[in-house]
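Engineer: Contents of final_28.tsv (TSV, C-alpha atoms) are given next:
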```
chain	number	residue	atom	x	y	z
Y	139	MET	CA	145.32	95.32	103.96
Y	140	ASP	CA	143.69	96.97	106.97
Y	141	LEU	CA	140.50	98.48	105.58
Y	142	GLY	CA	139.34	99.20	109.10
Y	143	ALA	CA	141.74	102.16	109.10
Y	144	CYS	CA	139.58	103.73	106.37
Y	145	ARG	CA	136.59	103.93	108.72
Y	146	CYS	CA	135.88	106.94	110.86
Y	147	SER	CA	136.33	106.92	114.59
Y	148	GLU	CA	133.57	107.89	117.03
Y	149	ARG	CA	133.53	111.52	115.98
Y	150	LYS	CA	130.73	113.84	114.99
Y	151	ALA	CA	130.21	115.16	111.49
Y	152	GLU	CA	131.17	118.78	111.00
Y	153	GLY	CA	128.57	121.07	112.53
Y	154	VAL	CA	126.75	118.25	114.29
Y	155	GLU	CA	125.51	118.95	117.80
Y	156	ASP	CA	124.23	116.60	120.49
Y	157	ARG	CA	120.56	117.29	119.79
Y	158	PHE	CA	119.16	113.92	120.84
Y	159	VAL	CA	119.86	111.84	123.90
Y	160	THR	CA	117.59	108.79	123.78
Y	161	ASN	CA	117.16	105.97	121.33
Y	162	ASN	CA	113.52	104.98	121.06
Y	163	LEU	CA	111.17	105.17	118.10
Y	164	ASP	CA	109.22	108.25	119.27
Y	165	THR	CA	112.45	110.21	119.72
Y	166	LEU	CA	113.79	109.10	116.35
Y	167	LEU	CA	110.58	110.11	114.55
Y	168	THR	CA	110.48	113.48	116.28
Y	169	ALA	CA	114.12	114.18	115.47
Y	170	LEU	CA	113.68	113.00	111.89
Y	171	TYR	CA	110.61	115.18	111.34
Y	172	VAL	CA	112.35	118.28	112.70
Y	173	ASP	CA	115.44	117.64	110.55
Y	174	LEU	CA	113.37	117.06	107.42
Y	175	ASP	CA	111.18	120.10	107.95
Y	176	ASP	CA	113.93	122.50	109.02
Y	177	ARG	CA	116.96	121.37	107.04
Y	178	VAL	CA	116.57	118.57	104.50
Y	179	LEU	CA	113.50	119.60	102.48
Y	180	PRO	CA	114.55	123.27	102.23
Y	181	ALA	CA	118.04	122.16	101.18
Y	182	LEU	CA	116.45	120.05	98.42
Y	183	GLY	CA	114.26	122.97	97.36
Y	184	TRP	CA	111.16	120.88	98.07
Y	185	SER	CA	107.98	122.84	98.80
Y	186	ARG	CA	104.27	122.62	97.98
Y	187	ASP	CA	103.71	126.35	98.48
Y	188	HIS	CA	103.58	127.16	94.78
Y	189	ARG	CA	101.84	124.00	93.59
Y	190	PRO	CA	98.21	124.11	92.47
Y	191	GLY	CA	95.51	122.31	94.37
Y	192	ARG	CA	94.72	121.70	98.00
Y	193	LYS	CA	97.66	120.91	100.26
Y	194	PRO	CA	97.53	117.43	101.82
Y	195	ALA	CA	96.73	117.31	105.53
Y	196	LEU	CA	99.67	114.94	106.08
Y	197	SER	CA	102.83	116.82	105.10
Y	198	ASP	CA	105.59	115.23	103.03
Y	199	ALA	CA	107.93	115.29	106.04
Y	200	GLU	CA	105.30	113.43	108.09
Y	201	LEU	CA	104.81	110.92	105.27
Y	202	ALA	CA	108.54	110.18	105.16
Y	203	CYS	CA	108.57	109.66	108.94
Y	204	LEU	CA	105.52	107.41	108.68
Y	205	ALA	CA	107.22	105.29	106.01
Y	206	ALA	CA	110.38	104.98	108.11
Y	207	ALA	CA	108.35	103.95	111.16
Y	208	GLN	CA	106.50	101.29	109.18
Y	209	HIS	CA	109.66	99.45	108.27
Y	210	LEU	CA	111.49	99.97	111.53
Y	211	LEU	CA	108.56	98.15	113.12
Y	212	GLY	CA	108.84	95.42	110.47
Y	213	ILE	CA	105.33	95.79	109.04
Y	214	GLY	CA	105.52	95.06	105.33
Y	215	SER	CA	101.81	95.31	104.47
Y	216	GLU	CA	100.55	98.85	103.89
Y	217	ARG	CA	97.00	97.85	104.81
Y	218	ARG	CA	98.11	96.35	108.11
Y	219	TRP	CA	100.39	99.34	108.73
Y	220	ILE	CA	97.63	101.90	108.37
Y	221	ARG	CA	95.46	99.92	110.80
Y	222	TYR	CA	98.38	99.81	113.26
Y	223	ALA	CA	99.10	103.53	112.83
Y	224	HIS	CA	95.48	104.49	113.49
Y	225	ALA	CA	95.52	102.41	116.66
Y	226	HIS	CA	98.93	103.39	118.04
Y	227	LEU	CA	100.33	106.49	116.28
Y	228	ALA	CA	97.32	108.77	115.88
Y	229	GLY	CA	98.76	111.08	118.52
Y	230	MET	CA	101.92	111.66	116.48
Y	231	PHE	CA	100.18	111.60	113.08
Y	232	PRO	CA	96.66	113.05	113.53
Y	233	HIS	CA	95.96	113.25	109.77
Y	234	LEU	CA	96.58	109.64	108.72
Y	235	PRO	CA	95.41	108.75	105.21
Y	236	GLY	CA	93.71	105.54	104.18
Y	237	GLN	CA	95.67	102.64	102.76
Y	238	SER	CA	95.01	103.68	99.15
Y	239	GLY	CA	96.00	107.30	99.74
Y	240	TYR	CA	99.11	106.28	101.66
Y	241	GLY	CA	100.29	104.01	98.85
Y	242	LYS	CA	99.57	106.63	96.19
Y	243	ARG	CA	101.48	109.34	98.09
Y	244	LEU	CA	104.39	106.99	98.72
Y	245	ARG	CA	104.69	106.04	95.04
Y	246	ALA	CA	104.62	109.70	94.02
Y	247	LEU	CA	107.40	110.58	96.48
Y	248	GLY	CA	109.85	107.79	95.66
Y	249	GLY	CA	112.37	110.25	94.23
Y	250	LEU	CA	112.10	112.50	97.28
Y	251	LEU	CA	112.76	109.58	99.63
Y	252	ALA	CA	115.91	108.76	97.68
Y	253	ALA	CA	117.11	112.37	97.96
Y	254	VAL	CA	116.36	112.42	101.70
Y	255	ILE	CA	118.52	109.32	102.20
Y	256	THR	CA	121.48	111.15	100.64
Y	257	GLU	CA	120.96	114.21	102.84
Y	258	LEU	CA	120.82	112.06	105.98
Y	259	ALA	CA	124.05	110.37	104.89
Y	260	ARG	CA	125.73	113.76	104.50
Y	261	ASP	CA	124.84	114.51	108.13
Y	262	THR	CA	126.82	111.59	109.59
Y	263	ALA	CA	130.51	111.30	110.36
Y	264	SER	CA	130.97	108.28	108.09
Y	265	TRP	CA	130.14	110.46	105.07
Y	266	HIS	CA	133.79	111.54	105.23
Y	267	ASP	CA	135.15	107.97	105.31
Y	268	LEU	CA	137.44	106.72	102.59
Y	269	LEU	CA	135.79	103.28	102.55
Y	270	ARG	CA	132.68	102.37	100.57
Y	271	LEU	CA	131.10	98.91	100.20
Y	272	VAL	CA	129.40	97.70	97.03
Y	273	ASP	CA	127.25	94.64	96.40
Y	274	SER	CA	124.00	93.50	94.86
Y	275	THR	CA	121.22	91.22	96.06
Y	276	PRO	CA	118.13	89.69	94.44
Y	277	LEU	CA	114.82	91.52	94.79
Y	278	PRO	CA	112.10	88.99	93.86
Y	279	CYS	CA	108.88	90.48	92.52
Y	280	ALA	CA	106.83	87.39	91.62
Y	281	ALA	CA	106.75	83.74	92.66
Y	282	SER	CA	104.62	82.11	89.95
Y	283	ARG	CA	104.59	81.97	86.18
Y	284	ALA	CA	101.03	83.34	86.08
Y	285	THR	CA	102.05	86.40	88.12
Y	286	VAL	CA	105.08	86.99	85.90
Y	287	LYS	CA	102.93	86.95	82.75
Y	288	ARG	CA	100.45	89.55	84.00
Y	289	SER	CA	102.83	91.73	86.02
Y	290	ASP	CA	103.19	95.44	85.17
Y	291	LEU	CA	106.91	94.95	85.81
Y	292	ALA	CA	107.27	92.89	82.63
Y	293	GLY	CA	109.86	94.54	80.44
Y	294	HIS	CA	111.68	95.96	83.46
Y	295	ALA	CA	112.19	92.89	85.66
Y	296	GLY	CA	113.45	89.50	84.53
Y	297	TYR	CA	114.81	86.11	85.53
Y	298	GLY	CA	118.08	85.88	87.42
Y	299	TYR	CA	120.11	83.43	89.47
Y	300	CYS	CA	121.37	83.92	93.01
Y	301	ALA	CA	124.56	81.87	93.36
Y	302	SER	CA	124.89	82.41	97.12
Y	303	HIS	CA	121.46	80.81	97.74
Y	304	SER	CA	121.41	78.52	94.65
Y	305	ARG	CA	118.03	79.77	93.46
Y	306	PHE	CA	116.40	81.37	90.46
Y	307	PHE	CA	114.13	84.38	90.88
Y	308	TRP	CA	112.08	86.84	88.85
Y	309	GLY	CA	112.47	90.49	89.66
Y	310	PHE	CA	115.37	92.92	89.97
Y	311	ARG	CA	118.77	93.09	91.56
Y	312	LEU	CA	119.23	95.82	94.14
Y	313	TYR	CA	122.66	97.46	93.89
Y	314	LEU	CA	124.01	99.20	96.97
Y	315	ILE	CA	127.01	101.39	97.69
Y	316	THR	CA	127.17	102.11	101.42
Y	317	THR	CA	129.44	103.28	104.19
Y	318	ALA	CA	131.03	100.64	106.39
Y	319	GLU	CA	128.17	100.73	108.92
Y	320	GLY	CA	125.52	100.49	106.21
Y	321	MET	CA	124.42	104.05	105.42
Y	322	PRO	CA	123.15	103.97	101.80
Y	323	ILE	CA	125.04	106.36	99.50
Y	324	ILE	CA	124.14	105.15	95.99
Y	325	TRP	CA	121.52	102.55	95.07
Y	326	GLY	CA	119.45	101.38	92.16
Y	327	LEU	CA	117.38	98.53	90.73
Y	328	ALA	CA	118.47	96.72	87.58
Y	329	HIS	CA	117.42	93.79	85.42
Y	330	PRO	CA	119.18	90.69	86.80
Y	331	GLY	CA	120.43	89.81	83.34
Y	332	LEU	CA	122.72	92.84	83.26
Y	333	GLY	CA	126.34	92.50	84.36
Y	334	GLU	CA	127.28	93.76	87.81
Y	335	ARG	CA	130.19	95.83	86.52
Y	336	GLU	CA	128.05	97.54	83.88
Y	337	VAL	CA	125.31	98.44	86.37
Y	338	VAL	CA	127.69	99.80	89.01
Y	339	ALA	CA	129.54	101.80	86.35
Y	340	ALA	CA	126.23	103.34	85.26
Y	341	LEU	CA	125.24	104.14	88.87
Y	342	VAL	CA	128.50	105.83	89.81
Y	343	THR	CA	128.52	107.71	86.50
Y	344	ARG	CA	125.03	109.05	87.28
Y	345	ASP	CA	125.97	109.89	90.88
Y	346	HIS	CA	129.65	110.65	90.36
Y	347	HIS	CA	129.38	113.62	92.74
Y	348	LEU	CA	128.85	111.13	95.58
Y	349	VAL	CA	132.22	109.46	94.99
Y	350	ARG	CA	135.36	111.30	96.02
Y	351	GLY	CA	138.86	110.85	94.67
Y	352	GLY	CA	140.97	108.58	96.85
Y	353	GLN	CA	138.06	106.55	98.21
Y	354	ILE	CA	138.32	102.76	98.38
Y	355	ILE	CA	135.40	100.77	96.95
Y	356	LEU	CA	135.27	97.24	98.36
Y	357	GLY	CA	133.45	94.65	96.28
Y	358	ASP	CA	133.43	90.91	95.65
Y	359	LYS	CA	135.00	88.82	92.88
Y	360	GLY	CA	132.11	89.61	90.57
Y	361	PHE	CA	133.62	93.05	90.03
Y	362	ALA	CA	136.89	91.65	88.71
Y	363	GLY	CA	137.77	93.12	85.34
Y	364	ARG	CA	140.58	95.22	83.93
Y	365	ASP	CA	138.29	97.68	82.17
Y	366	PHE	CA	136.08	98.18	85.24
Y	367	GLU	CA	139.06	98.72	87.52
Y	368	ALA	CA	140.51	101.21	85.04
Y	369	PHE	CA	137.16	103.03	84.98
Y	370	ILE	CA	137.04	103.30	88.79
Y	371	THR	CA	140.61	104.58	88.92
Y	372	GLY	CA	140.68	106.73	85.81
Y	373	GLN	CA	137.19	108.25	85.76
Y	374	LEU	CA	136.45	108.48	89.48
Y	375	GLY	CA	139.90	108.68	91.03
Y	376	ALA	CA	138.88	105.93	93.45
Y	377	HIS	CA	140.39	102.49	94.07
Y	378	LEU	CA	138.65	99.13	93.67
Y	379	VAL	CA	139.55	96.48	96.24
Y	380	ARG	CA	138.19	92.95	95.91
Y	381	PRO	CA	139.12	89.38	96.92
Y	382	ASP	CA	141.82	87.76	94.79
Y	383	ARG	CA	140.79	85.21	92.20
Y	384	LYS	CA	142.58	81.88	92.04
Y	385	ASP	CA	143.90	82.55	88.53
Y	386	GLU	CA	145.66	85.84	89.33
Y	387	PRO	CA	148.64	86.97	91.43
Y	388	ALA	CA	147.98	87.76	95.09
Y	389	ARG	CA	147.01	91.40	95.70
Y	390	PHE	CA	144.52	91.87	98.53
Y	391	GLY	CA	143.85	88.39	99.95
Y	392	ASN	CA	140.34	86.95	100.46
Y	393	LEU	CA	139.04	89.94	102.51
Y	394	ALA	CA	136.49	87.64	104.16
Y	395	ARG	CA	136.30	89.74	107.33
Y	396	TYR	CA	135.50	92.93	105.43
Y	397	ARG	CA	133.09	91.27	103.01
Y	398	GLN	CA	130.99	90.27	106.03
Y	399	TRP	CA	130.20	93.95	106.58
Y	400	ILE	CA	128.16	94.26	103.40
Y	401	GLU	CA	126.59	90.83	103.91
Y	402	ALA	CA	125.42	91.96	107.36
Y	403	ILE	CA	123.90	95.13	105.87
Y	404	ILE	CA	121.93	93.13	103.32
Y	405	ASP	CA	120.85	90.69	106.04
Y	406	THR	CA	119.46	93.64	108.04
Y	407	LEU	CA	117.51	94.84	104.99
Y	408	LYS	CA	116.06	91.40	104.27
Y	409	GLY	CA	115.45	90.41	107.87
Y	410	GLN	CA	114.37	93.34	110.03
Y	411	LEU	CA	113.28	95.57	107.13
Y	412	THR	CA	111.47	92.85	105.08
Y	413	LEU	CA	113.09	93.83	101.79
Y	414	GLU	CA	112.05	90.71	99.88
Y	415	HIS	CA	108.41	91.21	100.97
Y	416	HIS	CA	108.13	94.66	99.43
Y	417	GLY	CA	104.99	93.79	97.47
Y	418	GLY	CA	105.66	96.29	94.66
Y	419	ARG	CA	103.63	95.52	91.53
Y	420	THR	CA	104.62	98.51	89.38
Y	421	LEU	CA	108.00	100.08	88.69
Y	422	ALA	CA	107.14	103.19	90.73
Y	423	GLY	CA	105.75	101.03	93.53
Y	424	ALA	CA	108.79	98.76	93.72
Y	425	CYS	CA	111.21	101.72	93.70
Y	426	ALA	CA	109.23	103.61	96.36
Y	427	ARG	CA	108.96	100.60	98.66
Y	428	VAL	CA	112.66	99.85	98.40
Y	429	ALA	CA	113.40	103.55	99.01
Y	430	ALA	CA	111.19	103.49	102.13
Y	431	ARG	CA	113.14	100.56	103.58
Y	432	LEU	CA	116.46	102.20	102.81
Y	433	LEU	CA	115.13	105.40	104.41
Y	434	ALA	CA	114.30	103.46	107.58
Y	435	LEU	CA	117.84	102.07	107.68
Y	436	ALA	CA	119.36	105.49	106.96
Y	437	ALA	CA	117.22	107.20	109.61
Y	438	ALA	CA	118.23	104.68	112.28
Y	439	ILE	CA	121.94	104.98	111.44
Y	440	TRP	CA	121.68	108.79	111.31
Y	441	HIS	CA	119.97	108.91	114.69
Y	442	ASN	CA	122.44	106.43	116.22
Y	443	TRP	CA	125.33	108.66	115.10
Y	444	HIS	CA	123.77	111.71	116.72
Y	445	ILE	CA	123.05	110.03	120.06
Y	446	GLY	CA	126.43	108.27	120.15
Y	447	ALA	CA	125.01	104.73	120.06
Y	448	PRO	CA	127.85	102.17	120.03
Y	449	ILE	CA	126.42	100.07	117.15
Y	450	LYS	CA	125.34	102.39	114.37
Y	451	ARG	CA	123.28	99.87	112.38
Y	452	SER	CA	121.38	98.53	115.41
Y	453	LEU	CA	117.60	98.76	114.97
Y	454	ILE	CA	116.66	96.98	118.19
Y	455	ALA	CA	115.67	100.17	120.02
Y	456	TYR	CA	113.23	101.11	117.25
Y	457	ASP	CA	111.41	97.83	116.49
Y	458	HIS	CA	108.81	98.09	119.25
```
As structure tokens, how would this structure be written, given the file I've shared?

Structural biologist:
Amino acid sequence: MDLGACRCSERKAEGVEDRFVTNNLDTLLTALYVDLDDRVLPALGWSRDHRPGRKPALSDAELACLAAAQHLLGIGSERRWIRYAHAHLAGMFPHLPGQSGYGKRLRALGGLLAAVITELARDTASWHDLLRLVDSTPLPCAASRATVKRSDLAGHAGYGYCASHSRFFWGFRLYLITTAEGMPIIWGLAHPGLGEREVVAALVTRDHHLVRGGQIILGDKGFAGRDFEAFITGQLGAHLVRPDRKDEPARFGNLARYRQWIEAIIDTLKGQLTLEHHGGRTLAGACARVAARLLALAAAIWHNWHIGAPIKRSLIAYDH
């Protein structure tokens, strides 16, 4: 099966113009801010105009750009990031908050960051692809028994096992459904004790409007199951493709080449975007910090589409 035929060619999304011509961090942040302020936030109906209280000096669009910049530069610590931003980005962000205010604002806007990711995905050519990739990866939240016992994540997180790295962990599993180049479409955190098929079924049921009939969802052997495949086909009108198990007739082969696509996306999140060093200690904090890293990835891919960069998931131009 040639799943590469389900990917889009080097074309623009409908209505997309060549607005940007360079690929450095300043240009990305400027383009992202303009798109958020002019298109994305109004489309989401997001405004502080009718909210009580004093308006923050740093706008929500600026905060989203600041969060994306933090993780594109690979700075996991919020305290270190605010020091860096005051030293190097004060010209772009003249109203920088302190570390406490930055973290509080970020936690409060976790849902907005998730919605922004979807709107950026809609503005890329790969939104119209037939192919989607699905996988999950561990998201550790504590490394000692003492931390586990006093964590505010108790009751939400739990113990799990990562077979690919032969290790136990305490935290969540991050579930991702992306385009072939890594643009996040659907994502969520789940207790690692829950089954992969059950979690993905719940995610696509919640966000069923993001799955189109006729799309191909490529997963691994962990998604094998007659009921789950019937759900994908019957309820969503999509098609599940996965590597063949040894105890079943040949259907799709081992799909090793295509499975490497999702593994590379997760490697980018854990390597350049420091996913496993998120530092979230509450449910809102963990969700917001994961959302910020996914926003950084989405912003880079979105910008690379608009400037015609050959490798859409490349972050090299933005990490310095």

Engineer: From (101.0, 106.8, 95.4), in the file's coordinates, out to 12 Å: which residues are reached, counting only C-alpha atoms? Answer as a list in words.

Structural biologist: Leu201, Glu216, Pro235, Gly236, Gln237, Ser238, Gly239, Tyr240, Gly241, Lys242, Arg243, Leu244, Arg245, Ala246, Leu247, Gly248, Gly249, Gly418, Thr420, Leu421, Ala422, Gly423, Ala424, Cys425, Ala426 and Arg427 of chain Y

Engineer: Write out, as a Markdown table, each residue of stretch 252-285 of chain Y that has an atom at most 10 Å from stretch 299-312 of chain Y, together with the closest pair of atoms and their distance in Å to one decimal, counting all atoms listed in the file, rows going by chain and rising number.

Structural biologist:
```
| residue | atom | partner | partner_atom | distance |
| --- | --- | --- | --- | --- |
| Y:Asp273 | CA | Y:Leu312 | CA | 8.4 |
| Y:Ser274 | CA | Y:Leu312 | CA | 5.4 |
| Y:Thr275 | CA | Y:Leu312 | CA | 5.4 |
| Y:Pro276 | CA | Y:Arg311 | CA | 4.5 |
| Y:Leu277 | CA | Y:Phe310 | CA | 5.0 |
| Y:Pro278 | CA | Y:Gly309 | CA | 4.5 |
| Y:Cys279 | CA | Y:Gly309 | CA | 4.6 |
| Y:Ala280 | CA | Y:Trp308 | CA | 6.0 |
| Y:Ala281 | CA | Y:Trp308 | CA | 7.2 |
| Y:Ser282 | CA | Y:Trp308 | CA | 8.9 |
| Y:Arg283 | CA | Y:Trp308 | CA | 9.3 |
```

Engineer: Taking all atoms listed in the file into account, name the residue in Y:His294, Y:His444, Y:Lys450, Y:His233 that is nearest to Y:Ala318.

Structural biologist: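 Answer, going by the shortest atom-to-atom distance: Y:Lys450.
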
Engineer: In Å, rounded to a single decimal, give me how far atom CA of Y:Arg218 is from atom CA of Y:Val178.

Structural biologist: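 These atoms are spaced 29.1 Å apart.
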
Engineer: How many Å lie between atom CA of Y:Leu453 and atom CA of Y:Asp198, rounded to one decimal?

Structural biologist: 23.6 Å

Engineer: How far is it from atom CA of Y:Arg419 to atom CA of Y:Gly326, in Å with one decimal?

Structural biologist: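 Taking atom CA of Y:Arg419 as the start and atom CA of Y:Gly326 as the end point, the length is 16.9 Å.
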
Engineer: Looking at Y:Arg350, Y:His416, Y:His266, Y:Arg288, which one is nearest to Y:Ala429, with distances taken over all atoms listed in the file?

Structural biologist: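 Answer, going by the shortest atom-to-atom distance: Y:His416.
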
Engineer: Please determine, counting all atoms listed in the file, which residue among Y:Gly363, Y:Pro322, Y:Gly331, Y:Gly357 has the shortest atom-to-atom distance to Y:Ala253.

Structural biologist: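 Of the candidates, the smallest distance to Y:Ala253 is held by Y:Pro322.
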
Engineer: Between Y:Ala252, Y:Ala362, Y:Ile404, Y:Ala169, which is the closest to Y:Gly333 once you count only C-alpha atoms?

Structural biologist: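 Nearest to Y:Gly333: Y:Ala362.
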
Engineer: Tell me, as a ChimeraX atom specification, which residues lie within 10 Å of stretch 376-379 of chain Y, counting all atoms listed in the file; anything in the same chain fewer than 6 positions away does not count.

Structural biologist: /Y:139,141,268-272,349-359,361-362,366-370,389-391,393

Engineer: I'd like the contact shell of Y:Ile439 - 8 Å cut-off, only C-alpha atoms, skipping same-chain residues fewer than 3 positions apart - returned as a PDB file with C-alpha atoms, keeping the file's coordinate frame.

Structural biologist:
```pdb
ATOM      1  CA  GLU Y 319     128.170 100.730 108.920  1.00  0.00           C
ATOM      2  CA  GLY Y 320     125.520 100.490 106.210  1.00  0.00           C
ATOM      3  CA  MET Y 321     124.420 104.050 105.420  1.00  0.00           C
ATOM      4  CA  LEU Y 435     117.840 102.070 107.680  1.00  0.00           C
ATOM      5  CA  ALA Y 436     119.360 105.490 106.960  1.00  0.00           C
ATOM      6  CA  ASN Y 442     122.440 106.430 116.220  1.00  0.00           C
ATOM      7  CA  TRP Y 443     125.330 108.660 115.100  1.00  0.00           C
ATOM      8  CA  LYS Y 450     125.340 102.390 114.370  1.00  0.00           C
ATOM      9  CA  ARG Y 451     123.280  99.870 112.380  1.00  0.00           C
ATOM     10  CA  SER Y 452     121.380  98.530 115.410  1.00  0.00           C
TER      11      SER Y 452
END
```

Engineer: Restricting the calculation to all atoms listed in the file: of Y:Gln373, Y:Gly417, Y:Phe231, Y:Val337, which residue gets closest to Y:Arg217?

Structural biologist: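 Nearest to Y:Arg217: Y:Gly417.
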
Engineer: Do a neighbour search on Y:His209 at 10 Å with only C-alpha atoms, toss out local chain neighbours closer than 2 positions, and write the hits as a ChimeraX atom specification.

Structural biologist: /Y:204-207,211-215,219,407,410-413,427,430-435,456-457

Engineer: Which residue gives the smallest distance to Y:Leu167 among Y:Tyr313, Y:Glu200, Y:Leu348, Y:Leu179, with all atoms listed in the file counted?

Structural biologist: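 Closest residue, counting all atoms listed in the file: Y:Glu200.
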
Engineer: Let me have the centre and edge lengths in Å, one decimal, of the box along x, y and z around every listed atom of stretch 353-359 of chain Y with 3 Å of margin on each side, as AutoDock Vina command-line options.

Structural biologist:
```
--center_x 135.9 --center_y 97.7 --center_z 95.6 --size_x 10.9 --size_y 23.7 --size_z 11.5
```
